[in-house]
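Participant: Below is target28.txt; it holds compact mmCIF, C-alpha atoms.
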```txt
# COMPACT_ATOMS: atom_id res chain seq x y z
CA MET T 1 55.36 73.38 -191.19
CA THR T 2 53.63 72.07 -194.28
CA SER T 3 52.04 74.29 -196.90
CA SER T 4 48.55 73.13 -195.86
CA GLN T 5 49.28 74.18 -192.28
CA ARG T 6 50.51 77.58 -193.48
CA LEU T 7 47.42 78.05 -195.65
CA LEU T 8 45.07 77.15 -192.80
CA ARG T 9 46.94 79.43 -190.39
CA VAL T 10 46.64 82.36 -192.84
CA LEU T 11 42.92 81.62 -193.32
CA THR T 12 42.44 81.45 -189.55
CA ARG T 13 44.16 84.80 -189.02
CA LEU T 14 42.04 86.42 -191.72
CA GLU T 15 38.82 84.89 -190.37
CA ALA T 16 39.69 85.81 -186.79
CA SER T 17 40.39 89.41 -187.84
CA LEU T 18 37.06 89.61 -189.65
CA ALA T 19 35.26 88.09 -186.65
CA VAL T 20 36.85 90.67 -184.34
CA LEU T 21 35.79 93.42 -186.74
CA ALA T 22 32.21 92.08 -186.81
CA CYS T 23 32.06 91.80 -183.00
CA SER T 24 33.58 95.26 -182.60
CA THR T 25 31.02 96.68 -185.01
CA LEU T 26 28.21 95.03 -183.08
CA VAL T 27 29.45 96.41 -179.74
CA LEU T 28 30.11 99.89 -181.13
CA VAL T 29 26.68 100.17 -182.75
CA LEU T 30 25.03 98.80 -179.61
CA VAL T 31 26.82 101.31 -177.34
CA VAL T 32 26.03 104.22 -179.68
CA ASP T 33 22.40 103.11 -179.80
CA ILE T 34 22.16 102.88 -176.00
CA ILE T 35 23.77 106.29 -175.53
CA ALA T 36 21.50 107.83 -178.18
CA VAL T 37 18.38 106.47 -176.49
CA ASP T 38 19.34 107.02 -172.84
CA VAL T 39 21.18 110.34 -173.13
CA PHE T 40 19.68 112.05 -176.17
CA SER T 41 16.23 110.36 -176.24
CA THR T 42 16.59 109.55 -179.89
CA VAL T 43 17.18 106.43 -181.95
CA VAL T 44 19.92 105.67 -184.41
CA ARG T 45 18.19 104.68 -187.63
CA GLY T 46 19.19 101.18 -188.75
CA SER T 47 21.11 100.27 -185.60
CA PRO T 48 19.09 97.09 -184.86
CA GLN T 49 19.68 95.88 -188.41
CA MET T 50 23.42 96.61 -188.15
CA GLU T 51 23.59 94.78 -184.83
CA VAL T 52 21.84 91.70 -186.20
CA LEU T 53 23.92 91.60 -189.37
CA SER T 54 27.18 92.04 -187.43
CA GLY T 55 26.14 89.25 -185.07
CA ILE T 56 25.35 86.93 -187.96
CA VAL T 57 28.72 87.58 -189.58
CA ALA T 58 30.56 87.05 -186.27
CA CYS T 59 28.70 83.79 -185.58
CA MET T 60 29.29 82.42 -189.06
CA LEU T 61 33.00 83.18 -188.81
CA GLY T 62 32.99 81.51 -185.40
CA LEU T 63 31.95 78.28 -187.11
CA THR T 64 35.00 78.19 -189.34
CA LEU T 65 37.28 79.23 -186.46
CA ALA T 66 35.93 76.35 -184.37
CA THR T 67 36.41 73.97 -187.28
CA GLY T 68 40.01 75.10 -187.79
CA SER T 69 40.91 74.64 -184.15
CA GLY T 70 39.06 71.33 -183.79
CA VAL T 71 36.91 72.46 -180.85
CA HIS T 72 33.47 71.88 -182.33
CA PHE T 73 31.21 69.04 -181.20
CA ARG T 74 31.59 65.70 -182.92
CA PRO T 75 28.91 63.01 -182.90
CA THR T 76 30.17 59.80 -181.35
CA PHE T 77 27.48 57.35 -182.51
CA ALA T 78 29.78 55.74 -185.10
CA ASP T 79 32.81 55.36 -182.85
CA ASN T 80 32.04 51.67 -182.22
CA ILE T 81 31.08 50.93 -185.84
CA ILE T 82 34.11 52.33 -187.66
CA PRO T 83 37.62 51.24 -186.62
CA HIS T 84 39.04 53.74 -184.14
CA VAL T 85 41.99 54.70 -186.36
CA LEU T 86 39.61 55.73 -189.16
CA VAL T 87 36.92 57.54 -187.15
CA ASP T 88 38.47 61.00 -187.43
CA LYS T 89 39.44 60.60 -191.10
CA VAL T 90 36.00 59.32 -192.09
CA GLY T 91 34.30 62.00 -190.00
CA ASP T 92 36.38 64.74 -191.57
CA ALA T 93 35.76 63.37 -195.07
CA ILE T 94 32.00 63.27 -194.49
CA SER T 95 32.08 66.76 -192.98
CA ALA T 96 34.08 68.07 -195.94
CA ALA T 97 31.54 66.62 -198.37
CA LEU T 98 28.56 68.00 -196.44
CA PHE T 99 30.06 71.46 -196.05
CA GLY T 100 30.95 71.44 -199.75
CA VAL T 101 27.37 70.61 -200.75
CA PHE T 102 26.01 73.25 -198.37
CA ALA T 103 28.44 75.80 -199.83
CA VAL T 104 27.11 75.14 -203.34
CA PHE T 105 23.53 75.72 -202.16
CA ALA T 106 24.63 78.84 -200.30
CA VAL T 107 26.21 80.24 -203.47
CA GLU T 108 22.92 79.67 -205.26
CA PHE T 109 21.10 81.46 -202.45
CA VAL T 110 23.40 84.48 -202.63
CA ILE T 111 23.12 84.60 -206.42
CA GLN T 112 19.33 84.66 -206.08
CA SER T 113 19.57 87.57 -203.64
CA TYR T 114 21.81 89.40 -206.07
CA VAL T 115 19.58 88.72 -209.09
CA TYR T 116 16.41 89.79 -207.28
CA ALA T 117 18.22 92.82 -205.79
CA ASP T 118 17.17 91.96 -202.23
CA ARG T 119 17.96 94.77 -199.82
CA VAL T 120 18.35 95.09 -196.05
CA PRO T 121 15.25 96.85 -194.69
CA VAL T 122 15.85 100.36 -193.36
CA LEU T 123 19.52 100.34 -194.39
CA ASN T 124 18.63 99.80 -198.06
CA ALA T 125 21.95 98.03 -198.61
CA PRO T 126 22.29 95.01 -200.91
CA LEU T 127 21.64 91.90 -198.83
CA TRP T 128 24.05 89.71 -200.82
CA LEU T 129 27.00 91.71 -199.44
CA VAL T 130 26.29 90.27 -196.00
CA GLN T 131 25.09 86.87 -197.21
CA ILE T 132 28.37 86.24 -199.03
CA VAL T 133 29.89 85.24 -195.68
CA VAL T 134 27.73 82.09 -195.61
CA PRO T 135 29.15 80.33 -198.71
CA TYR T 136 32.65 81.51 -197.76
CA VAL T 137 32.41 79.99 -194.29
CA LEU T 138 30.92 76.74 -195.57
CA ALA T 139 33.62 76.44 -198.25
CA SER T 140 36.31 77.24 -195.69
CA CYS T 141 34.97 74.53 -193.38
CA ALA T 142 34.88 72.08 -196.29
CA LEU T 143 38.50 72.90 -197.15
CA LYS T 144 39.64 72.50 -193.55
CA HIS T 145 37.87 69.18 -193.11
CA ALA T 146 39.28 67.94 -196.43
CA VAL T 147 42.80 68.83 -195.30
CA PHE T 148 42.17 67.16 -191.92
CA ALA T 149 40.87 64.00 -193.64
CA VAL T 150 44.00 63.77 -195.76
CA SER T 151 46.43 64.90 -193.06
CA PRO T 152 45.25 64.28 -189.47
CA LYS T 153 48.58 65.62 -188.20
CA THR T 154 47.60 69.03 -189.55
CA LYS T 155 44.49 68.92 -187.36
CA GLU T 156 46.60 68.07 -184.32
CA ALA T 157 49.12 70.83 -185.11
CA LEU T 158 46.42 73.48 -185.47
CA SER T 159 44.40 72.45 -182.43
CA GLY T 160 47.38 72.29 -180.12
```
Give the structure from the file, written as structure tokens.
Facilitator:
Amino acid sequence: MTSSQRLLRVLTRLEASLAVLACSTLVLVLVVDIIAVDVFSTVVRGSPQMEVLSGIVACMLGLTLATGSGVHFRPTFADNIIPHVLVDKVGDAISAALFGVFAVFAVEFVIQSYVYADRVPVLNAPLWLVQIVVPYVLASCALKHAVFAVSPKTKEALSG
């Protein structure tokens, strides 16, 4: 196993663990909220916000998990234009560049939230703490696509 494969496997384990934590948080808060309303006729303050934020984190991490396992959708419009042996490499290189650019913009977005001290309504927590997942996921996708563009065998090894 190459070092790039090991790195991507470690990243995938970390991201999968965080996604499980986010999904578990969503389910736990949802169940507590339902029990509070149906059994005790009360609401849990901030539960809708926690559910939404947990769902966003889980979905964002799902993007990088899909990228790492090669199960995301791929446009096929250029398959007849670019030689077949280069389609995956070129596609991964373009994806790496796009995700890299998006990650830079996402960092700027999070910095703006931090500077302006944006907060989550009701919870009054700093919003940038949740938003930080966006540039991380985009950078992780960029890294994975860059590795796949350089080493297509890594993509095959991780998706199999």
Participant: Of the residues T:Gln131, T:Gln112, T:Ser47, T:Asn80, which is the one nearest to Val32 (chain T), using all atoms listed in the file?
Facilitator: T:Ser47
Participant: Distance CA of Pro135 (chain T)-CA of Met60 (chain T), one decimal place?
Facilitator: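 Spanning CA of Pro135 (chain T) to CA of Met60 (chain T) is a straight-line distance of 9.9 Å.
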Participant: Would you kindly return, as a list in words, each protein, DNA or RNA residue with an atom no farther than 9 Å from any atom of region 48-53 of chain T, considering only C-alpha atoms and excluding same-chain residues fewer than 3 positions away?
Facilitator: Ala22, Thr25, Leu26, Val27, Val29, Leu30, Asp33, Val44, Arg45, Ile56, Val57, Ala58, Val120, Pro121, Val122, Leu123 and Val130 of chain T
Participant: Compare T:Ala149, T:Leu18, T:Cys23, T:Val10 by their minimum atom-to-atom distance to Leu86 (chain T), counting all atoms listed in the file, and give me the closest one.
Facilitator: T:Ala149
Participant: Using the partial input, fill out region 30-49 of chain T with N, CA, C and O atoms; write the result as a CSV table (one decimal), in the coordinates of the input.
Facilitator:
```
chain,number,residue,atom,x,y,z
T,30,LEU,N,25.9,99.0,-180.8
T,30,LEU,CA,25.0,98.8,-179.6
T,30,LEU,C,25.3,99.9,-178.6
T,30,LEU,O,24.3,100.5,-178.1
T,31,VAL,N,26.5,100.2,-178.3
T,31,VAL,CA,26.8,101.3,-177.3
T,31,VAL,C,26.3,102.7,-177.8
T,31,VAL,O,25.7,103.4,-177.1
T,32,VAL,N,26.5,103.0,-179.1
T,32,VAL,CA,26.0,104.2,-179.7
T,32,VAL,C,24.5,104.3,-179.6
T,32,VAL,O,23.9,105.3,-179.2
T,33,ASP,N,23.9,103.2,-179.9
T,33,ASP,CA,22.4,103.1,-179.8
T,33,ASP,C,21.9,103.3,-178.4
T,33,ASP,O,21.0,104.1,-178.1
T,34,ILE,N,22.5,102.7,-177.4
T,34,ILE,CA,22.2,102.9,-176.0
T,34,ILE,C,22.4,104.3,-175.5
T,34,ILE,O,21.5,104.9,-174.9
T,35,ILE,N,23.5,104.9,-175.9
T,35,ILE,CA,23.8,106.3,-175.5
T,35,ILE,C,22.8,107.2,-176.2
T,35,ILE,O,22.2,108.1,-175.6
T,36,ALA,N,22.5,107.0,-177.5
T,36,ALA,CA,21.5,107.8,-178.2
T,36,ALA,C,20.1,107.8,-177.5
T,36,ALA,O,19.5,108.8,-177.4
T,37,VAL,N,19.7,106.6,-177.1
T,37,VAL,CA,18.4,106.5,-176.5
T,37,VAL,C,18.4,107.0,-175.1
T,37,VAL,O,17.5,107.8,-174.7
T,38,ASP,N,19.3,106.6,-174.3
T,38,ASP,CA,19.3,107.0,-172.8
T,38,ASP,C,19.8,108.5,-172.6
T,38,ASP,O,19.2,109.1,-171.7
T,39,VAL,N,20.7,109.0,-173.4
T,39,VAL,CA,21.2,110.3,-173.1
T,39,VAL,C,20.4,111.4,-174.0
T,39,VAL,O,20.0,112.4,-173.5
T,40,PHE,N,20.2,111.1,-175.2
T,40,PHE,CA,19.7,112.0,-176.2
T,40,PHE,C,18.2,111.8,-176.5
T,40,PHE,O,17.6,112.5,-177.3
T,41,SER,N,17.6,110.7,-176.0
T,41,SER,CA,16.2,110.4,-176.2
T,41,SER,C,15.9,110.3,-177.7
T,41,SER,O,14.9,110.8,-178.2
T,42,THR,N,16.8,109.7,-178.5
T,42,THR,CA,16.6,109.6,-179.9
T,42,THR,C,17.1,108.2,-180.3
T,42,THR,O,17.7,107.5,-179.5
T,43,VAL,N,16.7,107.7,-181.5
T,43,VAL,CA,17.2,106.4,-182.0
T,43,VAL,C,18.1,106.6,-183.1
T,43,VAL,O,18.1,107.6,-183.8
T,44,VAL,N,19.0,105.7,-183.3
T,44,VAL,CA,19.9,105.7,-184.4
T,44,VAL,C,19.3,104.8,-185.5
T,44,VAL,O,19.1,103.6,-185.3
T,45,ARG,N,18.9,105.4,-186.6
T,45,ARG,CA,18.2,104.7,-187.6
T,45,ARG,C,19.1,103.5,-188.2
T,45,ARG,O,20.2,103.7,-188.6
T,46,GLY,N,18.5,102.3,-188.2
T,46,GLY,CA,19.2,101.2,-188.8
T,46,GLY,C,20.1,100.5,-187.8
T,46,GLY,O,20.7,99.4,-188.2
T,47,SER,N,20.2,100.9,-186.5
T,47,SER,CA,21.1,100.3,-185.6
T,47,SER,C,20.7,98.8,-185.3
T,47,SER,O,21.6,98.0,-185.2
T,48,PRO,N,19.4,98.5,-185.1
T,48,PRO,CA,19.1,97.1,-184.9
T,48,PRO,C,19.5,96.2,-186.0
T,48,PRO,O,20.0,95.1,-185.8
T,49,GLN,N,19.3,96.7,-187.2
T,49,GLN,CA,19.7,95.9,-188.4
T,49,GLN,C,21.2,95.7,-188.5
T,49,GLN,O,21.7,94.6,-188.8
```
